[in-house]
>>> print(open('input_2.txt').read())   # compact mmCIF, C-alpha atoms
# COMPACT_ATOMS: atom_id res chain seq x y z
CA MET H 29 -11.34 -15.50 -9.95
CA LEU H 30 -11.92 -12.25 -11.81
CA SER H 31 -11.66 -12.18 -15.57
CA GLY H 32 -8.89 -10.03 -17.03
CA THR H 33 -11.27 -7.18 -17.88
CA ARG H 34 -12.99 -7.24 -14.51
CA LEU H 35 -9.60 -7.36 -12.76
CA ILE H 36 -8.41 -4.29 -14.67
CA VAL H 37 -11.64 -2.41 -13.85
CA PHE H 38 -11.32 -3.46 -10.20
CA ALA H 39 -7.69 -2.30 -10.09
CA ALA H 40 -8.59 1.04 -11.72
CA ALA H 41 -11.38 1.57 -9.19
CA CYS H 42 -9.01 0.83 -6.34
CA LEU H 43 -6.43 3.29 -7.66
CA ALA H 44 -9.10 5.97 -8.00
CA ILE H 45 -10.20 5.40 -4.40
CA ALA H 46 -6.61 5.36 -3.11
CA GLY H 47 -5.94 8.75 -4.70
CA SER H 48 -2.66 10.18 -3.51
CA ALA H 49 -2.22 7.70 -0.67
CA LEU H 50 0.85 5.51 -0.32
CA ALA H 51 1.94 3.63 -3.42
CA ALA H 52 -0.18 0.55 -3.95
CA ILE H 53 1.50 -2.82 -3.66
CA THR H 54 1.02 -5.40 -6.37
CA MET H 55 0.55 -9.12 -5.95
CA ASP H 56 1.43 -11.45 -8.84
CA THR H 57 -0.96 -14.39 -9.10
CA VAL H 58 -1.19 -17.66 -11.02
CA ALA H 59 -4.47 -19.15 -12.24
CA VAL H 60 -5.45 -22.57 -10.90
CA GLY H 61 -8.04 -24.33 -13.06
CA ASN H 62 -9.42 -27.86 -13.38
CA LEU H 63 -12.91 -27.07 -12.08
CA GLY H 64 -14.50 -29.74 -9.96
CA ASN H 65 -11.36 -31.76 -9.30
CA ALA H 66 -11.61 -34.43 -6.61
CA ALA H 67 -9.26 -34.85 -3.68
CA ASP H 68 -6.29 -37.13 -4.25
CA SER H 69 -5.42 -40.23 -2.20
CA THR H 70 -4.42 -38.01 0.76
CA GLY H 71 -7.91 -36.53 0.96
CA TYR H 72 -6.64 -33.03 0.15
CA GLY H 73 -7.00 -30.78 -2.86
CA GLU H 74 -10.71 -30.92 -3.64
CA VAL H 75 -11.67 -27.47 -4.90
CA GLY H 76 -14.70 -27.12 -7.14
CA TYR H 77 -13.88 -23.73 -8.63
CA SER H 78 -11.06 -21.98 -10.45
CA TYR H 79 -9.07 -19.36 -8.56
CA SER H 80 -5.76 -17.56 -8.53
CA ILE H 81 -3.04 -17.97 -5.94
CA GLY H 82 -0.12 -15.73 -5.12
CA LYS H 83 2.87 -16.51 -7.31
CA TYR H 84 5.17 -15.52 -4.45
CA GLU H 85 4.88 -15.31 -0.70
CA VAL H 86 3.92 -11.93 0.81
CA THR H 87 7.15 -10.01 1.22
CA ALA H 88 8.40 -8.01 4.18
CA GLY H 89 8.20 -4.91 1.96
CA GLN H 90 4.55 -5.54 1.13
CA TYR H 91 3.67 -6.19 4.75
CA THR H 92 5.54 -3.02 5.79
CA ALA H 93 3.36 -1.02 3.36
CA PHE H 94 0.30 -2.62 4.98
CA LEU H 95 1.51 -1.74 8.48
CA ASN H 96 2.19 1.87 7.48
CA ALA H 97 -1.31 2.12 5.98
CA VAL H 98 -3.27 0.64 8.91
CA ALA H 99 -1.21 0.28 12.08
CA ALA H 100 -0.31 3.76 13.35
CA THR H 101 -1.97 2.60 16.57
CA ASP H 102 -1.78 -1.19 15.93
CA THR H 103 -5.00 -2.00 17.73
CA HIS H 104 -5.02 -5.55 16.36
CA GLY H 105 -1.40 -6.51 17.03
CA LEU H 106 -0.44 -6.69 13.36
CA TYR H 107 3.21 -6.10 14.22
CA ASP H 108 5.17 -8.73 16.17
CA VAL H 109 8.37 -7.69 17.95
CA ASN H 110 9.94 -10.96 16.76
CA MET H 111 10.01 -9.47 13.26
CA THR H 112 13.31 -7.83 14.27
CA SER H 113 14.77 -10.97 15.87
CA THR H 114 17.61 -13.02 14.40
CA PHE H 115 15.09 -15.12 12.45
CA GLY H 116 12.71 -12.25 11.71
CA CYS H 117 12.04 -10.39 8.46
CA GLN H 118 13.66 -7.21 9.81
CA ILE H 119 10.60 -4.98 9.95
CA GLN H 120 11.15 -2.31 12.59
CA ARG H 121 8.59 -0.13 14.33
CA THR H 122 9.39 3.37 15.57
CA GLY H 123 7.34 6.03 17.33
CA SER H 124 4.58 5.60 19.85
CA SER H 125 1.00 4.36 19.64
CA GLY H 126 -0.98 6.66 17.40
CA SER H 127 2.07 7.56 15.34
CA TYR H 128 3.87 4.26 14.76
CA SER H 129 5.77 3.96 11.51
CA TYR H 130 7.42 0.89 10.03
CA SER H 131 10.47 0.25 7.89
CA VAL H 132 12.19 -2.83 6.57
CA ASP H 133 15.88 -3.44 6.03
CA PRO H 134 16.31 -3.14 2.23
CA ALA H 135 18.13 -6.49 2.16
CA TYR H 136 14.93 -8.14 3.51
CA ALA H 137 12.28 -6.19 1.58
CA ASN H 138 11.77 -8.92 -1.04
CA ARG H 139 12.04 -11.82 1.38
CA PRO H 140 8.94 -13.49 2.83
CA VAL H 141 7.38 -11.83 5.85
CA ASN H 142 7.23 -13.95 9.00
CA TYR H 143 5.75 -13.79 12.51
CA VAL H 144 2.31 -13.02 11.04
CA SER H 145 -0.65 -14.64 12.79
CA PHE H 146 -3.59 -16.13 10.93
CA TRP H 147 -5.76 -13.21 12.08
CA SER H 148 -3.21 -10.69 10.82
CA ALA H 149 -3.12 -12.53 7.47
CA CYS H 150 -6.93 -12.24 7.29
CA ARG H 151 -6.66 -8.51 8.00
CA PHE H 152 -4.04 -8.20 5.24
CA ALA H 153 -6.47 -9.95 2.84
CA ASN H 154 -9.27 -7.57 3.91
CA TRP H 155 -6.96 -4.61 3.28
CA LEU H 156 -6.16 -5.90 -0.22
CA ASP H 157 -9.86 -6.54 -0.87
CA ASN H 158 -10.61 -2.95 0.22
CA CYS H 159 -8.23 -1.43 -2.33
CA GLN H 160 -5.44 -1.01 0.24
CA GLY H 161 -7.28 1.67 2.17
CA GLY H 162 -6.65 3.00 5.65
CA SER H 163 -7.04 1.57 9.15
CA GLY H 164 -10.80 0.96 8.88
CA THR H 165 -10.28 -1.51 6.02
CA THR H 166 -8.97 -4.47 8.02
CA GLU H 167 -12.14 -5.69 9.71
CA TYR H 168 -14.50 -6.16 6.76
CA GLY H 169 -14.03 -7.42 3.22
CA THR H 170 -13.00 -10.97 2.52
CA TYR H 171 -13.70 -11.74 6.17
CA THR H 172 -15.99 -10.06 8.66
CA LEU H 173 -13.84 -10.03 11.77
CA ALA H 174 -15.28 -9.48 15.21
CA ALA H 175 -14.03 -10.02 18.73
CA ALA H 176 -16.41 -12.97 19.18
CA GLY H 177 -15.01 -14.69 16.10
CA GLU H 178 -11.43 -14.32 17.29
CA ALA H 179 -12.32 -15.43 20.82
CA ASN H 180 -14.03 -18.54 19.45
CA ASN H 181 -11.39 -19.05 16.75
CA THR H 182 -14.04 -19.04 14.02
CA ILE H 183 -14.06 -17.26 10.71
CA THR H 184 -15.77 -17.56 7.35
CA ARG H 185 -15.00 -16.14 3.94
CA ASN H 186 -17.52 -13.71 2.49
CA ALA H 187 -18.79 -14.37 -1.04
CA GLY H 188 -17.65 -12.31 -4.01
CA THR H 189 -14.28 -11.20 -2.68
CA THR H 190 -10.99 -10.96 -4.54
CA TRP H 191 -8.28 -11.76 -1.98
CA ALA H 192 -8.20 -14.47 0.69
CA VAL H 193 -5.90 -16.52 2.85
CA THR H 194 -5.45 -19.74 0.89
CA SER H 195 -7.27 -22.72 2.41
CA VAL H 196 -5.44 -26.02 2.90
CA ASP H 197 -7.27 -27.56 -0.06
CA GLU H 198 -6.58 -24.54 -2.30
CA TRP H 199 -2.90 -24.56 -1.42
CA TYR H 200 -2.64 -28.33 -1.88
CA LYS H 201 -4.37 -28.23 -5.27
CA ALA H 202 -2.12 -25.41 -6.48
CA ALA H 203 1.02 -27.20 -5.28
CA TYR H 204 0.29 -30.75 -6.44
CA LEU H 205 -2.30 -30.64 -9.22
CA ARG H 206 -1.34 -32.62 -12.29
CA ALA H 207 -3.53 -31.39 -15.10
CA ALA H 208 -5.04 -34.20 -17.17
>>> encode(input="input_2.txt", output="structure tokens")
Amino acid sequence: MLSGTRLIVFAAACLAIAGSALAAITMDTVAVGNLGNAADSTGYGEVGYSYSIGKYEVTAGQYTAFLNAVAATDTHGLYDVNMTSTFGCQIQRTGSSGSYSYSVDPAYANRPVNYVSFWSACRFANWLDNCQGGSGTTEYGTYTLAAAGEANNTITRNAGTTWAVTSVDEWYKAAYLRAA
């Protein structure tokens, strides 16, 4: 977890890098403390460090901003056609490969995004960790993604990053922790 001052400096640096690009999305977080807590009787929730977790789920509007920033070609299949289905989050893609653009029905913009794979979620975290840059920012950052890793269904978190897909233990601790 970054301290308040470091977080502000990090955010300022990201805004300077982004320049006049698309408006940056913001993610509200909540601090989770109790360093070194043990797992509970279920065996879940052991996390030996403090961290922050998203206060809300990633919205369709936030994911649409991500798609517009990195998926003009959509090399990594970040968009799922089921997003426009009856149970989807109503993100639509128009155009052709190389010039895809994305929009979300305004009534769904603040609802949770769905039909996002684990790998797409990792790429979203990388994009956040890389100050919401362009298409080259999805493969490195929180995670170093490579074809071999995806093929073998293996991934590891890189040290010193800001954003990540919450692990089972992190999620469990945030959801069920009863502070002493």
>>> closest_atom_pairs(input="input_2.txt", of="range 89-114 of chain H", to="range 118-130 of chain H", cutoff="9 Å", atoms="all atoms listed in the file", output="Markdown table")
| residue | atom | partner | partner_atom | distance |
| --- | --- | --- | --- | --- |
| H:Gly89 | CA | H:Ile119 | CA | 8.3 |
| H:Tyr91 | CA | H:Ile119 | CA | 8.7 |
| H:Thr92 | CA | H:Tyr130 | CA | 6.1 |
| H:Ala93 | CA | H:Tyr130 | CA | 8.0 |
| H:Leu95 | CA | H:Tyr130 | CA | 6.7 |
| H:Asn96 | CA | H:Ser129 | CA | 5.8 |
| H:Ala99 | CA | H:Tyr128 | CA | 7.0 |
| H:Ala100 | CA | H:Tyr128 | CA | 4.4 |
| H:Thr101 | CA | H:Gly126 | CA | 4.3 |
| H:Asp102 | CA | H:Ser125 | CA | 7.2 |
| H:Thr103 | CA | H:Ser125 | CA | 8.9 |
| H:Tyr107 | CA | H:Arg121 | CA | 8.0 |
| H:Val109 | CA | H:Gln120 | CA | 8.1 |
| H:Asn110 | CA | H:Gln118 | CA | 8.7 |
| H:Met111 | CA | H:Gln118 | CA | 5.5 |
| H:Thr112 | CA | H:Gln118 | CA | 4.5 |
| H:Ser113 | CA | H:Gln118 | CA | 7.2 |
| H:Thr114 | CA | H:Gln118 | CA | 8.4 |
>>> atom_distance(input="input_2.txt", atom1="CA of Ala202 in chain H", atom2="CA of Tyr168 in chain H")
26.4 Å
>>> residues_around(input="input_2.txt", residues="Tyr171 in chain H", least_positions_apart="3", cutoff="8 Å", atoms="only C-alpha atoms", output="list in words")
Cys150, Arg151, Asn154, Glu167, Tyr168, Ile183, Thr184, Arg185 and Asn186 of chain H
>>> atom_distance(input="input_2.txt", atom1="CA of Ala192 in chain H", atom2="CA of Asp133 in chain H")
27.0 Å
>>> axis_aligned_box(input="input_2.txt", around="range 71-79 of chain H", padding_each_side="6 Å", output="JSON")
{"center_x": -10.7, "center_y": -27.9, "center_z": -4.7, "size_x": 20.1, "size_y": 29.2, "size_z": 23.4}
>>> closest_residue(input="input_2.txt", among="H:Trp147, H:Gly105, H:Gly76, H:Gly161", to="Ala174 in chain H", atoms="all atoms listed in the file")
H:Trp147
